Amino acid sequence: DWDMGFFISTAVEEIRRKVGDKQVLCGLSGGVDSAVAAVLIHEAIGDQLVCVFVNNGLLRKGEADMVLKLFRDHYNIRLQYADAEDAFLSALKGVTEPEAKRKIIGKVFIDTFYDEARKAGEISFLAQGTLYPDVIESKSPSGGPSATIKSHHNVGGLPEDLKWDLLEPLRELFKDEVRAVGRELGLPEEMVNRHPFPGPGLGVRCVGEVTKERLDTLRDVDAIFIEEIRKANLYDDIWQALACLLPVKSVGVQGDERTYEEVCSLRAVTSEDAMTADWYRFPPDVLQHASSRICNEVKGVNRVLYDITSKPPGTIEWE
Ligand code: XMP
């Protein structure tokens with residue numbers, strides 16, 4: 001059977017041998033895979049690892065702080081933090097078409113990442129949290145079913161002139177094995193068990209125009225939804241839970257006041273591998289609590305929908 005301790009010691013040796021005295025750059029996304037890759041590589045080569053974390057302004061509530069605290073303060077990893085919110089939001093201004101958003105977000109990310117890389121000095125390797133399923137998906141003739149449906153920017157999106165060798169210490173692992181490695185390396189349970197989150201972040205959940213104000217609204221909605229799921233002890237039963245802010249206004253009433261605000265939709269799915277997914281049957285009380293808290297606590301939202309579309313025909317994300 002798979003022994004995580006053995007995997008780690010073997011991987012550490014292999015990383016040391018491969019890297020020698022060179023430097024490795026690793027982009028942190030806030031997700032499990034890049035976190036585990038970074039901590040594993042740090043275990044192997046310490047300060048020869050430089051991490052870059054790009055705040056694209058499309059992150060969840062509190063996410064940037066969490067990443068900074070964990071990697072900088074707790075693990076003492078060299079971490080360059082790029083606060084690029086303005087660059088992303090100005091590039092996204094007025095854009096509503098999903099693929100256009102994804103392309104812009106991917107491009108600004110690459111530009112920002114390259115700028116940070118130049119500041120990092122002489123780099124020989126780029127570390128990525130590529131997993132076995134990513135390897136399979138990007139190798140299939142079509143580039144993988146989801147790649148043809150939406151442009152992902154993890155594997156296929158690296159620029160042509162990439163001058164670094166890739167370091168992908170997790171490329172033989174499945175997700176549950178990566179989680180086990182993360183636990184073994186002392187990553188907090190909250191990080192290890194985190195639901196997947198798309199590279200383009202809340203940009204593809206802010207349906208319609210992506211503005212700071214709408215993103216803040218969506219962040220609050222998302223935080224309440226996830227909090228209620230955790231409170232009900234259901235987080236680990238769900239593959240992924242997400243909220244979207246829709247560019248639709250509806251009339252509501254609060255006290256004696258008529259309101260006219262945007263609508264949000266909540267979505268939770270179960271899945272094995274994200275290729276297919278089933279909508280999650282919540283106990284009605286959980287949805288009730290989330291809905292009433294969202295309408296009461298979040299300015300700008302007065303109606304909550306629950307998405308009961310499976311995949312197929314719906315994708316997990318809305319865009
Ligand atoms: P869809 O919406 O295609 O999503 O059913 C399947 C899974 O992939 C995630 N996703 C992404 N992950 N970069 C990522 O790293 C992306 O561009 C991206 N788009 C979707 C999505 O959250 C779900 O887990």
# chains A, B, ... in the order shown; residues from 1 in each chain; ligands from 1
$ residues_around --residues "Gly57 (chain A)" --least-positions-apart "3" --cutoff "12 Å" --atoms "only C-alpha atoms" --output "ChimeraX atom specification"
/A:53-54,60-64,82-92,105,108-109,199-203,210-216,219
$ select_by_dssp --residues "region 25-250 of chain A" --states "helix (DSSP H, G or I)" --output "VMD selection string"
chain A and resid 32 to 48 63 to 74 85 to 92 98 to 119 132 to 139 145 to 149 175 to 184 189 to 192 201 to 204 212 to 231 235 to 237
$ write_last_selection --atoms "C-alpha atoms" --output "JSON list (two decimals), in the first residue's frame"
[["chain", "number", "residue", "atom", "x", "y", "z"],
["A", 32, "VAL", "CA", -3.99, 22.20, -1.96],
["A", 33, "ASP", "CA", -1.83, 21.06, -4.87],
["A", 34, "SER", "CA", 0.52, 24.01, -5.09],
["A", 35, "ALA", "CA", 0.66, 24.20, -1.28],
["A", 36, "VAL", "CA", 1.72, 20.58, -0.94],
["A", 37, "ALA", "CA", 4.22, 20.92, -3.80],
["A", 38, "ALA", "CA", 5.75, 24.00, -2.18],
["A", 39, "VAL", "CA", 6.03, 22.52, 1.30],
["A", 40, "LEU", "CA", 7.49, 19.29, -0.07],
["A", 41, "ILE", "CA", 10.08, 21.16, -2.12],
["A", 42, "HIS", "CA", 10.85, 23.42, 0.83],
["A", 43, "GLU", "CA", 11.47, 20.32, 2.92],
["A", 44, "ALA", "CA", 13.99, 19.24, 0.30],
["A", 45, "ILE", "CA", 15.84, 22.44, -0.56],
["A", 46, "GLY", "CA", 14.82, 25.14, 1.95],
["A", 47, "ASP", "CA", 15.72, 28.64, 0.78],
["A", 48, "GLN", "CA", 16.53, 27.53, -2.76],
["A", 63, "GLU", "CA", -7.47, 34.07, 1.32],
["A", 64, "ALA", "CA", -4.45, 36.26, 0.73],
["A", 65, "ASP", "CA", -3.90, 36.68, 4.48],
["A", 66, "MET", "CA", -4.21, 32.97, 5.03],
["A", 67, "VAL", "CA", -1.60, 32.17, 2.40],
["A", 68, "LEU", "CA", 0.83, 34.80, 3.68],
["A", 69, "LYS", "CA", 0.49, 33.67, 7.29],
["A", 70, "LEU", "CA", 0.85, 29.99, 6.50],
["A", 71, "PHE", "CA", 3.80, 30.12, 4.14],
["A", 72, "ARG", "CA", 5.70, 33.13, 5.36],
["A", 73, "ASP", "CA", 5.14, 33.01, 9.11],
["A", 74, "HIS", "CA", 4.48, 29.35, 9.77],
["A", 85, "GLU", "CA", -5.71, 43.48, -8.04],
["A", 86, "ASP", "CA", -5.68, 46.75, -9.96],
["A", 87, "ALA", "CA", -4.01, 45.23, -13.02],
["A", 88, "PHE", "CA", -6.56, 42.42, -13.18],
["A", 89, "LEU", "CA", -9.60, 44.57, -12.56],
["A", 90, "SER", "CA", -8.64, 47.23, -15.05],
["A", 91, "ALA", "CA", -7.98, 44.57, -17.73],
["A", 92, "LEU", "CA", -11.37, 43.02, -16.98],
["A", 98, "PRO", "CA", -16.66, 34.02, -20.20],
["A", 99, "GLU", "CA", -13.84, 32.97, -22.53],
["A", 100, "ALA", "CA", -12.69, 36.56, -22.91],
["A", 101, "LYS", "CA", -12.52, 36.86, -19.12],
["A", 102, "ARG", "CA", -10.52, 33.64, -18.83],
["A", 103, "LYS", "CA", -8.04, 34.73, -21.48],
["A", 104, "ILE", "CA", -7.51, 38.13, -19.87],
["A", 105, "ILE", "CA", -7.07, 36.63, -16.41],
["A", 106, "GLY", "CA", -4.61, 34.06, -17.82],
["A", 107, "LYS", "CA", -2.61, 36.73, -19.62],
["A", 108, "VAL", "CA", -2.39, 39.18, -16.74],
["A", 109, "PHE", "CA", -1.43, 36.28, -14.50],
["A", 110, "ILE", "CA", 1.44, 35.27, -16.77],
["A", 111, "ASP", "CA", 2.66, 38.87, -17.06],
["A", 112, "THR", "CA", 2.54, 39.37, -13.31],
["A", 113, "PHE", "CA", 4.18, 36.04, -12.66],
["A", 114, "TYR", "CA", 7.01, 36.82, -15.07],
["A", 115, "ASP", "CA", 7.62, 40.17, -13.41],
["A", 116, "GLU", "CA", 7.92, 38.44, -10.05],
["A", 117, "ALA", "CA", 10.15, 35.74, -11.51],
["A", 118, "ARG", "CA", 12.60, 38.37, -12.76],
["A", 119, "LYS", "CA", 12.78, 39.82, -9.25],
["A", 132, "TYR", "CA", -1.72, 12.50, -12.28],
["A", 133, "PRO", "CA", -5.22, 13.34, -13.59],
["A", 134, "ASP", "CA", -3.87, 16.67, -14.97],
["A", 135, "VAL", "CA", -1.13, 14.77, -16.78],
["A", 136, "ILE", "CA", -3.66, 12.40, -18.35],
["A", 137, "GLU", "CA", -6.06, 15.18, -19.28],
["A", 138, "SER", "CA", -3.45, 17.36, -20.97],
["A", 139, "LYS", "CA", -2.03, 14.40, -22.89],
["A", 145, "PRO", "CA", -12.56, 17.26, -22.61],
["A", 146, "SER", "CA", -12.68, 20.20, -20.22],
["A", 147, "ALA", "CA", -9.85, 21.97, -22.02],
["A", 148, "THR", "CA", -11.97, 22.12, -25.14],
["A", 149, "ILE", "CA", -14.94, 23.43, -23.23],
["A", 175, "LYS", "CA", -5.90, 14.01, -5.09],
["A", 176, "ASP", "CA", -6.48, 11.92, -1.96],
["A", 177, "GLU", "CA", -2.80, 10.98, -1.93],
["A", 178, "VAL", "CA", -1.80, 14.63, -2.22],
["A", 179, "ARG", "CA", -4.01, 15.38, 0.75],
["A", 180, "ALA", "CA", -2.37, 12.61, 2.75],
["A", 181, "VAL", "CA", 1.08, 13.98, 1.88],
["A", 182, "GLY", "CA", -0.07, 17.46, 2.91],
["A", 183, "ARG", "CA", -1.23, 16.17, 6.29],
["A", 184, "GLU", "CA", 2.04, 14.32, 6.78],
["A", 189, "GLU", "CA", -6.67, 20.36, 7.82],
["A", 190, "GLU", "CA", -8.54, 23.41, 6.51],
["A", 191, "MET", "CA", -6.01, 23.76, 3.68],
["A", 192, "VAL", "CA", -5.64, 20.05, 3.00],
["A", 201, "GLY", "CA", -11.23, 32.59, -9.29],
["A", 202, "LEU", "CA", -14.27, 34.68, -8.60],
["A", 203, "GLY", "CA", -13.84, 36.24, -12.04],
["A", 204, "VAL", "CA", -15.83, 33.33, -13.51],
["A", 212, "LYS", "CA", -14.49, 45.42, -7.11],
["A", 213, "GLU", "CA", -17.89, 46.12, -5.62],
["A", 214, "ARG", "CA", -19.52, 43.01, -7.09],
["A", 215, "LEU", "CA", -16.52, 40.90, -6.09],
["A", 216, "ASP", "CA", -16.77, 42.12, -2.50],
["A", 217, "THR", "CA", -20.45, 41.23, -2.49],
["A", 218, "LEU", "CA", -19.69, 37.79, -3.89],
["A", 219, "ARG", "CA", -16.90, 37.24, -1.35],
["A", 220, "ASP", "CA", -19.36, 37.89, 1.46],
["A", 221, "VAL", "CA", -21.96, 35.55, -0.04],
["A", 222, "ASP", "CA", -19.38, 32.81, -0.57],
["A", 223, "ALA", "CA", -18.01, 33.13, 2.97],
["A", 224, "ILE", "CA", -21.48, 32.80, 4.52],
["A", 225, "PHE", "CA", -22.36, 29.81, 2.35],
["A", 226, "ILE", "CA", -19.14, 27.98, 3.22],
["A", 227, "GLU", "CA", -19.50, 28.88, 6.89],
["A", 228, "GLU", "CA", -23.01, 27.42, 7.01],
["A", 229, "ILE", "CA", -21.80, 24.26, 5.26],
["A", 230, "ARG", "CA", -19.00, 23.88, 7.78],
["A", 231, "LYS", "CA", -21.37, 24.55, 10.67],
["A", 235, "TYR", "CA", -18.02, 20.39, 4.00],
["A", 236, "ASP", "CA", -16.25, 17.07, 3.54],
["A", 237, "ASP", "CA", -19.29, 15.41, 1.96]]
$ atom_distance --atom1 "CA of Leu187 (chain A)" --atom2 "CA of Gly129 (chain A)"
15.0 Å
$ select_by_dssp --residues "region 10-79 of chain A" --states "strand (DSSP E)" --output "ChimeraX atom specification"
/A:24-28,49-55,78-79
